[in-house]
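Shown below: start_20.cif, with mmCIF, C-alpha atoms and all ligand atoms.
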```cif
data_run
loop_
_atom_site.label_atom_id
_atom_site.label_comp_id
_atom_site.auth_asym_id
_atom_site.auth_seq_id
_atom_site.Cartn_x
_atom_site.Cartn_y
_atom_site.Cartn_z
CA MET A 1 8.42 -28.59 7.84
CA ASN A 2 5.71 -28.71 5.19
CA ASN A 3 2.48 -26.78 4.84
CA GLN A 4 0.27 -29.58 6.19
CA GLN A 5 2.25 -29.86 9.40
CA VAL A 6 2.27 -26.14 9.91
CA ALA A 7 -1.40 -25.54 9.24
CA GLY A 8 -2.80 -28.07 11.65
CA ASN A 9 -0.29 -29.34 14.15
CA TYR A 10 1.68 -26.42 15.58
CA PRO A 11 4.66 -28.72 16.19
CA THR A 12 6.27 -26.49 18.80
CA LEU A 13 3.18 -25.06 20.48
CA ASN A 14 1.01 -26.63 23.17
CA LYS A 15 -2.65 -25.74 23.43
CA ASP A 16 -2.07 -24.12 26.84
CA ASP A 17 1.03 -22.14 25.89
CA LEU A 18 0.50 -18.40 26.25
CA ILE A 19 -0.04 -16.55 22.96
CA VAL A 20 0.15 -12.75 23.11
CA ILE A 21 -1.56 -10.74 20.36
CA THR A 22 -1.28 -6.95 20.14
CA GLY A 23 -3.62 -4.61 18.28
CA ALA A 24 -6.40 -7.07 19.09
CA GLY A 25 -9.03 -4.35 19.38
CA GLY A 26 -8.54 -3.72 15.67
CA PHE A 27 -9.27 -5.64 12.48
CA ILE A 28 -6.57 -8.23 11.74
CA ALA A 29 -5.41 -9.00 15.29
CA GLY A 30 -9.07 -9.31 16.35
CA ALA A 31 -9.56 -11.94 13.64
CA LEU A 32 -6.28 -13.65 14.60
CA THR A 33 -7.41 -13.88 18.22
CA ARG A 34 -10.65 -15.54 17.15
CA TYR A 35 -8.72 -17.89 14.83
CA PHE A 36 -6.41 -19.17 17.58
CA HIS A 37 -9.29 -19.39 20.02
CA ASP A 38 -11.27 -21.47 17.52
CA GLN A 39 -8.22 -23.75 17.00
CA GLY A 40 -8.45 -24.66 20.69
CA PHE A 41 -5.71 -22.51 22.24
CA THR A 42 -6.74 -21.87 25.81
CA ARG A 43 -4.36 -19.12 26.91
CA ILE A 44 -4.48 -16.04 24.73
CA ARG A 45 -3.70 -12.55 25.97
CA SER A 46 -4.96 -9.83 23.65
CA ILE A 47 -4.00 -6.18 24.04
CA ASP A 48 -4.96 -2.86 22.50
CA LYS A 49 -4.76 0.75 23.61
CA LYS A 50 -8.46 1.28 22.90
CA PRO A 51 -10.88 0.93 25.80
CA LEU A 52 -12.36 -2.59 25.78
CA THR A 53 -15.78 -1.24 24.85
CA ASP A 54 -14.37 0.04 21.53
CA TRP A 55 -12.78 -3.23 20.38
CA TYR A 56 -14.08 -4.50 17.04
CA GLN A 57 -14.34 -8.06 18.38
CA ARG A 58 -14.19 -9.49 21.89
CA VAL A 59 -13.52 -13.20 22.05
CA PRO A 60 -14.99 -14.99 25.07
CA GLY A 61 -12.43 -16.66 27.34
CA VAL A 62 -9.55 -14.54 26.07
CA GLU A 63 -7.66 -12.27 28.48
CA SER A 64 -8.18 -8.76 27.10
CA LEU A 65 -6.14 -5.81 28.30
CA SER A 66 -6.33 -2.13 27.44
CA MET A 67 -2.75 -0.79 27.47
CA ASP A 68 -0.64 1.63 25.46
CA LEU A 69 2.19 -0.46 24.04
CA SER A 70 4.34 2.50 23.09
CA GLU A 71 5.24 2.43 26.82
CA LYS A 72 8.03 0.07 27.78
CA ASP A 73 6.55 -1.07 31.10
CA ASN A 74 3.28 -2.04 29.44
CA CYS A 75 5.18 -4.16 26.92
CA ILE A 76 6.96 -5.96 29.75
CA ARG A 77 3.59 -6.67 31.37
CA ALA A 78 2.15 -7.77 28.01
CA CYS A 79 4.93 -10.32 27.37
CA GLU A 80 5.05 -11.91 30.84
CA GLY A 81 5.07 -15.70 30.35
CA ALA A 82 4.57 -15.47 26.58
CA VAL A 83 5.57 -18.39 24.36
CA GLU A 84 4.59 -16.65 21.14
CA VAL A 85 4.08 -12.94 20.50
CA TYR A 86 2.18 -11.51 17.53
CA ASN A 87 2.73 -7.77 17.23
CA LEU A 88 0.05 -6.21 15.04
CA ALA A 89 -0.50 -2.98 16.98
CA ALA A 90 0.16 0.14 14.92
CA ASP A 91 -1.32 3.55 14.36
CA MET A 92 -2.49 3.08 10.80
CA GLY A 93 -5.23 3.40 8.24
CA GLY A 94 -5.84 3.67 4.51
CA MET A 95 -4.18 6.20 2.19
CA GLY A 96 -6.25 9.05 3.62
CA PHE A 97 -4.66 8.37 7.00
CA ILE A 98 -1.07 7.44 6.21
CA GLU A 99 -0.48 10.33 3.82
CA ARG A 100 -1.82 12.84 6.35
CA PHE A 101 -0.60 11.54 9.72
CA ARG A 102 3.03 10.56 9.18
CA VAL A 103 4.08 11.38 12.72
CA GLU A 104 1.50 9.00 14.19
CA CYS A 105 2.66 6.30 11.76
CA LEU A 106 6.34 6.81 12.59
CA ARG A 107 5.66 6.69 16.32
CA SER A 108 4.54 3.05 15.95
CA ILE A 109 8.25 2.26 15.98
CA LEU A 110 8.05 2.63 19.76
CA ILE A 111 5.60 -0.27 19.90
CA ASN A 112 7.78 -2.74 18.03
CA THR A 113 10.99 -1.56 19.70
CA HIS A 114 9.61 -2.17 23.19
CA MET A 115 7.61 -5.27 22.28
CA ILE A 116 10.49 -7.18 20.70
CA GLU A 117 12.81 -6.39 23.60
CA ALA A 118 10.13 -7.42 26.10
CA ALA A 119 9.43 -10.64 24.17
CA TYR A 120 13.14 -11.45 24.11
CA ARG A 121 13.57 -10.79 27.83
CA ALA A 122 10.47 -12.83 28.64
CA GLY A 123 12.06 -15.79 26.82
CA ALA A 124 9.40 -15.99 24.11
CA GLU A 125 10.09 -18.63 21.48
CA ARG A 126 8.72 -16.78 18.46
CA TYR A 127 7.90 -13.19 17.56
CA PHE A 128 5.73 -12.06 14.63
CA PHE A 129 5.78 -8.58 13.08
CA SER A 130 3.11 -7.29 10.67
CA SER A 131 4.95 -5.35 8.01
CA SER A 132 3.42 -3.89 4.87
CA ALA A 133 3.75 -3.59 1.11
CA CYS A 134 4.26 0.12 1.88
CA ALA A 135 7.84 -0.86 2.80
CA TYR A 136 8.61 -1.39 -0.91
CA ASN A 137 10.48 1.08 -3.07
CA THR A 138 7.82 3.50 -4.34
CA GLU A 139 9.78 4.11 -7.56
CA LEU A 140 8.82 0.59 -8.67
CA GLN A 141 5.12 1.44 -8.33
CA GLU A 142 4.71 4.43 -10.63
CA ASP A 143 2.75 2.63 -13.33
CA PRO A 144 -0.68 0.94 -12.89
CA GLN A 145 0.72 -2.08 -14.77
CA ALA A 146 4.00 -2.17 -12.82
CA ARG A 147 5.30 -5.70 -12.29
CA ALA A 148 4.35 -7.39 -9.03
CA LEU A 149 6.65 -6.70 -6.08
CA ARG A 150 9.18 -9.32 -5.05
CA GLU A 151 10.63 -9.49 -1.56
CA SER A 152 13.99 -8.16 -2.82
CA ASP A 153 12.31 -4.95 -4.08
CA ALA A 154 12.43 -3.22 -0.67
CA TYR A 155 16.09 -2.34 -1.24
CA PRO A 156 17.53 0.03 -2.38
CA ALA A 157 15.02 1.62 -0.03
CA MET A 158 12.58 4.36 -0.97
CA ALA A 159 9.62 3.32 1.16
CA GLU A 160 6.33 5.20 1.61
CA ARG A 161 7.19 8.25 3.74
CA GLY A 162 6.35 7.76 7.40
CA TYR A 163 4.38 4.49 7.54
CA GLY A 164 6.61 2.54 5.10
CA TRP A 165 9.89 3.60 6.72
CA GLU A 166 8.60 2.63 10.14
CA LYS A 167 7.81 -0.84 8.80
CA LEU A 168 11.23 -1.17 7.18
CA MET A 169 13.06 -0.18 10.37
CA SER A 170 10.96 -2.51 12.50
CA GLU A 171 11.70 -5.34 10.06
CA MET A 172 15.37 -4.66 10.64
CA PHE A 173 14.88 -4.96 14.40
CA CYS A 174 13.36 -8.39 13.82
CA GLN A 175 16.23 -9.47 11.60
CA GLU A 176 18.89 -8.31 14.06
CA TYR A 177 17.20 -9.85 17.11
CA TRP A 178 17.46 -13.17 15.29
CA ALA A 179 21.02 -12.60 14.02
CA GLU A 180 22.49 -11.29 17.27
CA ARG A 181 20.27 -12.73 19.99
CA GLY A 182 18.71 -15.84 18.50
CA LEU A 183 15.06 -14.77 18.90
CA ARG A 184 13.02 -16.47 16.17
CA THR A 185 11.20 -13.73 14.28
CA SER A 186 8.70 -13.77 11.43
CA ILE A 187 7.96 -10.85 9.15
CA ALA A 188 4.98 -10.75 6.77
CA ARG A 189 4.49 -7.88 4.35
CA PHE A 190 0.70 -7.62 4.12
CA HIS A 191 -0.88 -6.30 0.93
CA ASN A 192 -4.28 -4.58 1.56
CA VAL A 193 -6.40 -6.75 3.80
CA TYR A 194 -10.20 -6.50 3.82
CA GLY A 195 -13.20 -8.31 5.27
CA PRO A 196 -15.89 -8.17 7.94
CA HIS A 197 -15.01 -6.53 11.29
CA GLY A 198 -12.65 -4.03 9.64
CA THR A 199 -12.78 -0.23 9.77
CA TRP A 200 -15.38 1.00 7.28
CA ASP A 201 -15.85 4.66 8.18
CA GLY A 202 -14.23 7.55 10.06
CA GLY A 203 -11.01 8.23 8.10
CA ARG A 204 -8.91 5.08 8.60
CA GLU A 205 -10.84 2.80 6.23
CA LYS A 206 -9.25 1.34 3.12
CA ALA A 207 -10.56 1.23 -0.45
CA PRO A 208 -12.73 -1.95 -0.41
CA ALA A 209 -14.59 -0.96 2.77
CA ALA A 210 -14.85 2.70 1.71
CA ILE A 211 -16.30 1.76 -1.68
CA CYS A 212 -18.79 -0.69 -0.13
CA ARG A 213 -19.91 2.06 2.25
CA LYS A 214 -20.24 4.65 -0.51
CA VAL A 215 -22.35 2.29 -2.65
CA ILE A 216 -24.56 1.39 0.32
CA GLU A 217 -25.01 5.08 1.21
CA ALA A 218 -25.79 6.04 -2.39
CA LYS A 219 -28.44 3.32 -2.53
CA ASP A 220 -29.88 4.39 0.78
CA THR A 221 -30.06 8.11 0.01
CA GLY A 222 -30.98 7.70 -3.66
CA THR A 223 -28.19 10.12 -4.73
CA HIS A 224 -26.71 7.67 -7.25
CA ASP A 225 -23.30 9.39 -7.18
CA ILE A 226 -19.93 8.08 -6.07
CA VAL A 227 -16.71 10.04 -5.53
CA ILE A 228 -13.55 8.10 -6.42
CA TRP A 229 -10.12 9.16 -5.19
CA GLY A 230 -7.69 9.85 -8.07
CA ASP A 231 -8.53 8.80 -11.62
CA GLY A 232 -9.62 5.28 -10.62
CA ARG A 233 -6.92 3.73 -12.79
CA GLN A 234 -4.56 2.98 -9.89
CA THR A 235 -4.25 -0.78 -9.32
CA ARG A 236 -3.98 -2.92 -6.18
CA SER A 237 -4.53 -6.46 -4.94
CA PHE A 238 -6.73 -7.21 -1.95
CA MET A 239 -6.43 -10.15 0.47
CA TYR A 240 -9.42 -11.55 2.30
CA ILE A 241 -9.03 -11.68 6.09
CA ASP A 242 -9.37 -15.49 6.37
CA ASP A 243 -6.35 -15.91 4.09
CA CYS A 244 -4.44 -13.37 6.14
CA VAL A 245 -4.81 -15.13 9.50
CA LYS A 246 -4.05 -18.52 7.97
CA GLY A 247 -0.95 -17.08 6.31
CA ILE A 248 0.25 -15.51 9.58
CA ASN A 249 0.04 -18.90 11.27
CA MET A 250 1.93 -20.67 8.49
CA ILE A 251 4.65 -18.04 8.23
CA MET A 252 5.14 -17.93 12.00
CA HIS A 253 5.65 -21.69 12.23
CA CYS A 254 7.99 -22.12 9.27
CA ASP A 255 11.63 -22.18 10.38
CA GLU A 256 12.85 -21.60 6.84
CA LEU A 257 11.32 -18.13 7.05
CA ASN A 258 13.10 -17.00 10.20
CA ALA A 259 13.79 -13.26 10.04
CA THR A 260 12.92 -13.28 6.34
CA PRO A 261 10.34 -10.77 5.08
CA ILE A 262 7.74 -12.43 2.86
CA ASN A 263 4.75 -11.14 0.90
CA LEU A 264 1.37 -12.05 2.32
CA GLY A 265 -1.12 -10.81 -0.23
CA SER A 266 -3.37 -11.72 -3.10
CA SER A 267 -1.99 -11.57 -6.63
CA GLU A 268 -5.41 -10.78 -8.19
CA LEU A 269 -4.75 -7.28 -9.52
CA VAL A 270 -7.65 -4.86 -10.04
CA SER A 271 -8.01 -1.16 -10.80
CA ILE A 272 -10.05 0.95 -8.42
CA ASN A 273 -12.54 1.47 -11.26
CA ALA A 274 -12.94 -2.32 -11.59
CA LEU A 275 -13.33 -2.60 -7.82
CA VAL A 276 -16.16 -0.05 -7.93
CA SER A 277 -17.85 -1.98 -10.76
CA LEU A 278 -17.66 -5.17 -8.72
CA VAL A 279 -19.22 -3.54 -5.67
CA GLU A 280 -21.92 -1.94 -7.84
CA GLU A 281 -22.77 -5.40 -9.17
CA ILE A 282 -22.98 -6.80 -5.66
CA GLY A 283 -25.16 -3.87 -4.58
CA GLY A 284 -27.31 -4.15 -7.73
CA ILE A 285 -26.86 -0.50 -8.70
CA LYS A 286 -24.99 1.66 -11.23
CA LEU A 287 -23.68 5.01 -10.01
CA GLU A 288 -22.51 8.24 -11.61
CA ARG A 289 -18.73 8.41 -11.03
CA GLN A 290 -16.97 11.58 -10.02
CA TYR A 291 -13.20 11.67 -9.73
CA ASP A 292 -11.31 13.72 -7.15
CA PRO A 293 -7.78 14.30 -8.48
CA ASN A 294 -6.73 16.02 -5.24
CA ALA A 295 -7.63 13.16 -2.91
CA PRO A 296 -4.87 10.85 -1.59
CA ARG A 297 -4.30 8.02 -4.05
CA GLY A 298 -1.00 6.40 -3.05
CA VAL A 299 1.24 4.70 -5.61
CA ALA A 300 -0.05 4.09 -9.17
CA GLY A 301 0.21 0.29 -9.13
CA ARG A 302 0.98 -2.42 -6.60
CA ASN A 303 0.67 -6.19 -6.71
CA SER A 304 2.10 -9.08 -4.70
CA ASP A 305 4.57 -11.45 -6.36
CA ASN A 306 3.78 -14.76 -4.69
CA THR A 307 6.62 -16.85 -6.10
CA MET A 308 8.35 -17.12 -2.72
CA ILE A 309 5.30 -18.01 -0.60
CA LYS A 310 4.18 -20.63 -3.14
CA LYS A 311 7.65 -22.15 -3.20
CA ILE A 312 8.16 -22.27 0.57
CA LEU A 313 4.64 -22.84 1.90
CA ASN A 314 3.08 -24.40 -1.17
CA TRP A 315 0.17 -22.00 -0.62
CA GLU A 316 -0.96 -18.45 -1.42
CA PRO A 317 -4.01 -16.36 -0.51
CA ARG A 318 -6.68 -17.50 -2.94
CA THR A 319 -10.10 -16.22 -1.91
CA PRO A 320 -11.51 -14.64 -5.10
CA LEU A 321 -12.08 -10.90 -4.68
CA ARG A 322 -15.73 -11.18 -5.61
CA GLU A 323 -16.39 -13.84 -2.96
CA GLY A 324 -14.65 -11.85 -0.20
CA LEU A 325 -16.32 -8.62 -1.25
CA GLU A 326 -19.80 -10.16 -1.11
CA LYS A 327 -19.24 -11.07 2.55
CA THR A 328 -17.69 -7.70 3.33
CA TYR A 329 -20.51 -5.80 1.61
CA ALA A 330 -23.15 -7.74 3.53
CA TRP A 331 -21.41 -7.01 6.83
CA ILE A 332 -21.01 -3.27 6.12
CA GLU A 333 -24.63 -3.07 4.99
CA GLN A 334 -25.66 -4.50 8.37
CA GLN A 335 -23.36 -2.05 10.17
CA HIS A 336 -24.95 0.78 8.23
CA ARG A 337 -28.43 -0.42 9.21
CA ASP A 338 -27.35 -0.76 12.84
CA ARG A 339 -25.95 2.76 12.92
CA LYS A 340 -29.17 4.16 11.50
CA ALA A 341 -31.04 2.31 14.22
CA GLY A 342 -28.79 3.95 16.85
CA LYS A 343 -26.88 0.74 17.66
CA ARG A 344 -23.16 0.53 18.34
CA THR A 345 -20.94 -0.10 15.25
CA VAL A 346 -17.31 -0.55 14.25
CA SER A 347 -16.21 2.91 13.09
CA GLU A 348 -14.30 5.71 14.62
CA ASN A 349 -13.32 9.29 13.93
CA PHE A 350 -9.63 9.99 14.07
CA GLN A 351 -8.34 12.98 16.02
CA ALA A 352 -4.56 13.60 15.88
CA ALA A 353 -2.98 14.00 19.31
P1 LIG B 1 -6.28 -1.63 12.91
O1 LIG B 1 -6.12 -0.15 12.97
O2 LIG B 1 -7.66 -2.17 12.75
O3 LIG B 1 -5.61 -2.32 14.17
C1 LIG B 1 -4.45 -1.83 14.79
C2 LIG B 1 -4.74 -1.74 16.27
O4 LIG B 1 -3.54 -1.31 16.95
C3 LIG B 1 -5.81 -0.70 16.60
O5 LIG B 1 -6.91 -1.32 17.25
C4 LIG B 1 -5.11 0.29 17.51
O6 LIG B 1 -5.92 0.79 18.56
C5 LIG B 1 -3.95 -0.54 18.05
N1 LIG B 1 -2.86 0.32 18.54
C6 LIG B 1 -2.36 1.43 17.95
N2 LIG B 1 -1.41 1.97 18.73
C7 LIG B 1 -1.34 1.20 19.84
C8 LIG B 1 -0.56 1.27 21.03
N3 LIG B 1 0.31 2.26 21.23
N4 LIG B 1 -0.74 0.33 21.98
C9 LIG B 1 -1.65 -0.67 21.80
N5 LIG B 1 -2.44 -0.78 20.70
C10 LIG B 1 -2.27 0.15 19.73
O7 LIG B 1 -5.34 -2.12 11.70
P2 LIG B 1 -5.23 -3.53 11.00
O8 LIG B 1 -5.70 -3.36 9.62
O9 LIG B 1 -5.82 -4.57 11.85
O10 LIG B 1 -3.65 -3.70 10.95
C11 LIG B 1 -2.93 -4.57 11.81
C12 LIG B 1 -1.44 -4.54 11.43
O11 LIG B 1 -1.29 -4.94 10.07
C13 LIG B 1 -0.79 -3.18 11.55
O12 LIG B 1 0.53 -3.34 12.00
C14 LIG B 1 -0.77 -2.68 10.13
O13 LIG B 1 0.24 -1.73 9.90
C15 LIG B 1 -0.55 -3.96 9.36
N6 LIG B 1 -1.02 -3.90 7.98
C16 LIG B 1 -2.35 -3.84 7.71
C17 LIG B 1 -2.78 -3.78 6.38
C18 LIG B 1 -4.25 -3.74 6.02
O14 LIG B 1 -4.58 -3.75 4.85
N7 LIG B 1 -5.17 -3.71 6.98
C19 LIG B 1 -1.84 -3.75 5.34
C20 LIG B 1 -0.48 -3.78 5.65
C21 LIG B 1 -0.08 -3.88 6.97
#
```

Could the structure of this file be written out as structure tokens, please?
Ligand code: NAD
Amino acid sequence: MNNQQVAGNYPTLNKDDLIVITGAGGFIAGALTRYFHDQGFTRIRSIDKKPLTDWYQRVPGVESLSMDLSEKDNCIRACEGAVEVYNLAADMGGMGFIERFRVECLRSILINTHMIEAAYRAGAERYFFSSSACAYNTELQEDPQARALRESDAYPAMAERGYGWEKLMSEMFCQEYWAERGLRTSIARFHNVYGPHGTWDGGREKAPAAICRKVIEAKDTGTHDIVIWGDGRQTRSFMYIDDCVKGINMIMHCDELNATPINLGSSELVSINALVSLVEEIGGIKLERQYDPNAPRGVAGRNSDNTMIKKILNWEPRTPLREGLEKTYAWIEQQHRDRKAGKRTVSENFQAA
């Protein structure tokens, strides 16, 4: 099956087949729901544990359920009649969240464990799991110029404590459900995703959104200062949300990738300092930088090696960082304005259970 077939034709999926998407009250699954809806799929069931009023996006005509998917019975209900299941629900956030709340991150294993079993029992044809670059061996990421991570670099395993180990174990569930039970599974290791309708405040936000917000706030208050976590020399790559949802679709419908973890990320590497400069340019301001060496900073360097995705799908995420950031900045600026005006916005404050 080639890229063209996969992207447009969904060879095995009818427009009225039931697609189940979990975590749909959040960033990526919310965008994925809209993507499938806009492609003309008429039966989509989206689920999140958040109350419906707190979902980042609500797509008209889509069945939306508020359920906790760490409970087995809810997963059975979620998967009833499903042809394809996309499991993106997880308790997660940026470095500030995953370094501090490891128990919450580890407990996401309940979601995938129950969801994959429920999908299998419901007779679903395909199951997607959103893994992460945090599953990679952290010892390969100790230098800002470390080589980009290849799929084989997850083993020998030394994943990010908590969050990364949960992803690695859940990947293994997907691989064994295919090997032992014949359930087609797809596993994408996302590298930092950003874009409009993502978390931008409250403790779970990631670097691009956090930096946009800080620049917008500095402009608004006239303080002209910005606090950067770590020394700013740590490097990352950032994937725009439109590339992410397109990649999920292609990976899910490529039989060659059954039960095979694959990078889904941009290979445009930047330091956090360079990211700040880019956002300053977009905001039309120059700020005084202060560095907080005690703040969470994660690994020193991480990039996505896209050799495999280019070879198999003849595609890789390509939205230039500047282009994606301009759209993200504009959206966060509007959110900031809305919040000042007392309107409802996408941001939340995390309280551990
Ligand atoms: P998000 O926090 O915006 O969305 C996750 C959603 O899952 C949230 O709305 C949350 O309420 C929901 N959820 C949590 N526990 C649940 C439960 N028990 N039952 C039902 N819903 C539950 O995060 P996101 O950025 O959209 O991430 C989606 C997936 O992609 C996650 O699995 C995440 O680990 C993975 N991922 C994201 C990134 C990234 O950069 N955003 C990077 C790597 C991997």

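Look at Ala31 (chain A): the protein and nucleic acid residues within 10 Å of it, using only C-alpha atoms and passing over chain neighbours fewer than 3 places away, are Ala24, Gly25, Gly26, Phe27, Ile28, Arg34, Tyr35, Phe36, His37, Tyr56, Gln57, Arg58, Val59, Gly195, Pro196, His197, Gly198, Ile241, Asp242, Cys244 and Val245 of chain A.
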
Nearest candidate to ligand LIG 1 (chain B) (options A:Glu166, A:Glu125, A:Glu99, A:Glu84; using only C-alpha atoms and all ligand atoms): A:Glu166

Residue nearest ligand LIG 1 (chain B) - candidates A:Ala135, A:Met252, A:Val20, A:Ile285, atoms counted: all atoms listed in the file: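 Between A:Ala135, A:Met252, A:Val20, A:Ile285, the residue approaching ligand LIG 1 (chain B) most closely is A:Ala135.
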
Neighbouring residues of ligand LIG 1 (chain B) are defined here as those with any atom at most 8 Å from a ligand atom, counting all atoms listed in the file; list them as an mmCIF file with C-alpha atoms, keeping the file's coordinate frame.
```
data_model
loop_
_atom_site.group_PDB
_atom_site.id
_atom_site.type_symbol
_atom_site.label_atom_id
_atom_site.label_comp_id
_atom_site.auth_asym_id
_atom_site.auth_seq_id
_atom_site.Cartn_x
_atom_site.Cartn_y
_atom_site.Cartn_z
ATOM 1 C CA THR A 22 -1.280 -6.950 20.140
ATOM 2 C CA GLY A 23 -3.620 -4.610 18.280
ATOM 3 C CA ALA A 24 -6.400 -7.070 19.090
ATOM 4 C CA GLY A 25 -9.030 -4.350 19.380
ATOM 5 C CA GLY A 26 -8.540 -3.720 15.670
ATOM 6 C CA PHE A 27 -9.270 -5.640 12.480
ATOM 7 C CA ILE A 28 -6.570 -8.230 11.740
ATOM 8 C CA ALA A 29 -5.410 -9.000 15.290
ATOM 9 C CA GLY A 30 -9.070 -9.310 16.350
ATOM 10 C CA ILE A 47 -4.000 -6.180 24.040
ATOM 11 C CA ASP A 48 -4.960 -2.860 22.500
ATOM 12 C CA LYS A 49 -4.760 0.750 23.610
ATOM 13 C CA LYS A 50 -8.460 1.280 22.900
ATOM 14 C CA TRP A 55 -12.780 -3.230 20.380
ATOM 15 C CA TYR A 56 -14.080 -4.500 17.040
ATOM 16 C CA SER A 66 -6.330 -2.130 27.440
ATOM 17 C CA MET A 67 -2.750 -0.790 27.470
ATOM 18 C CA ASP A 68 -0.640 1.630 25.460
ATOM 19 C CA LEU A 69 2.190 -0.460 24.040
ATOM 20 C CA SER A 70 4.340 2.500 23.090
ATOM 21 C CA GLU A 71 5.240 2.430 26.820
ATOM 22 C CA ASN A 87 2.730 -7.770 17.230
ATOM 23 C CA LEU A 88 0.050 -6.210 15.040
ATOM 24 C CA ALA A 89 -0.500 -2.980 16.980
ATOM 25 C CA ALA A 90 0.160 0.140 14.920
ATOM 26 C CA ASP A 91 -1.320 3.550 14.360
ATOM 27 C CA MET A 92 -2.490 3.080 10.800
ATOM 28 C CA GLY A 93 -5.230 3.400 8.240
ATOM 29 C CA GLY A 94 -5.840 3.670 4.510
ATOM 30 C CA SER A 108 4.540 3.050 15.950
ATOM 31 C CA LEU A 110 8.050 2.630 19.760
ATOM 32 C CA ILE A 111 5.600 -0.270 19.900
ATOM 33 C CA PHE A 129 5.780 -8.580 13.080
ATOM 34 C CA SER A 130 3.110 -7.290 10.670
ATOM 35 C CA SER A 131 4.950 -5.350 8.010
ATOM 36 C CA SER A 132 3.420 -3.890 4.870
ATOM 37 C CA ALA A 133 3.750 -3.590 1.110
ATOM 38 C CA CYS A 134 4.260 0.120 1.880
ATOM 39 C CA TYR A 163 4.380 4.490 7.540
ATOM 40 C CA LYS A 167 7.810 -0.840 8.800
ATOM 41 C CA ARG A 189 4.490 -7.880 4.350
ATOM 42 C CA PHE A 190 0.700 -7.620 4.120
ATOM 43 C CA HIS A 191 -0.880 -6.300 0.930
ATOM 44 C CA ASN A 192 -4.280 -4.580 1.560
ATOM 45 C CA VAL A 193 -6.400 -6.750 3.800
ATOM 46 C CA TYR A 194 -10.200 -6.500 3.820
ATOM 47 C CA GLY A 198 -12.650 -4.030 9.640
ATOM 48 C CA THR A 199 -12.780 -0.230 9.770
ATOM 49 C CA ARG A 204 -8.910 5.080 8.600
ATOM 50 C CA LYS A 206 -9.250 1.340 3.120
ATOM 51 C CA PHE A 238 -6.730 -7.210 -1.950
ATOM 52 C CA MET A 239 -6.430 -10.150 0.470
#
```

Residue nearest Ser304 (chain A) - candidates A:Trp200, A:Tyr329, A:Tyr136, A:Tyr155, atoms counted: all atoms listed in the file: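 Selected residue with least distance to Ser304 (chain A): A:Tyr136.
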
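Atom to atom, CA of Phe173 (chain A) and CA of Cys75 (chain A) stand 15.9 Å apart.
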
One-decimal distance in Å that lies between CA of Thr138 (chain A) and CA of Met158 (chain A):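 These atoms are spaced 5.9 Å apart.
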
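Nearest to Asp225 (chain A) of all the residues A:Arg107, A:Arg289, A:Lys340, A:Arg126 is A:Arg289, based on all atoms listed in the file.
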
d(CA of Tyr127 (chain A), CA of Lys246 (chain A)) in Å: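 Going from CA of Tyr127 (chain A) over to CA of Lys246 (chain A) covers 16.2 Å.
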
Residue list as an MDAnalysis selection string for point (3.8, -7.3, -13.0), cut-off 9 Å, only C-alpha atoms: chainID A and resid 145:149 302:305
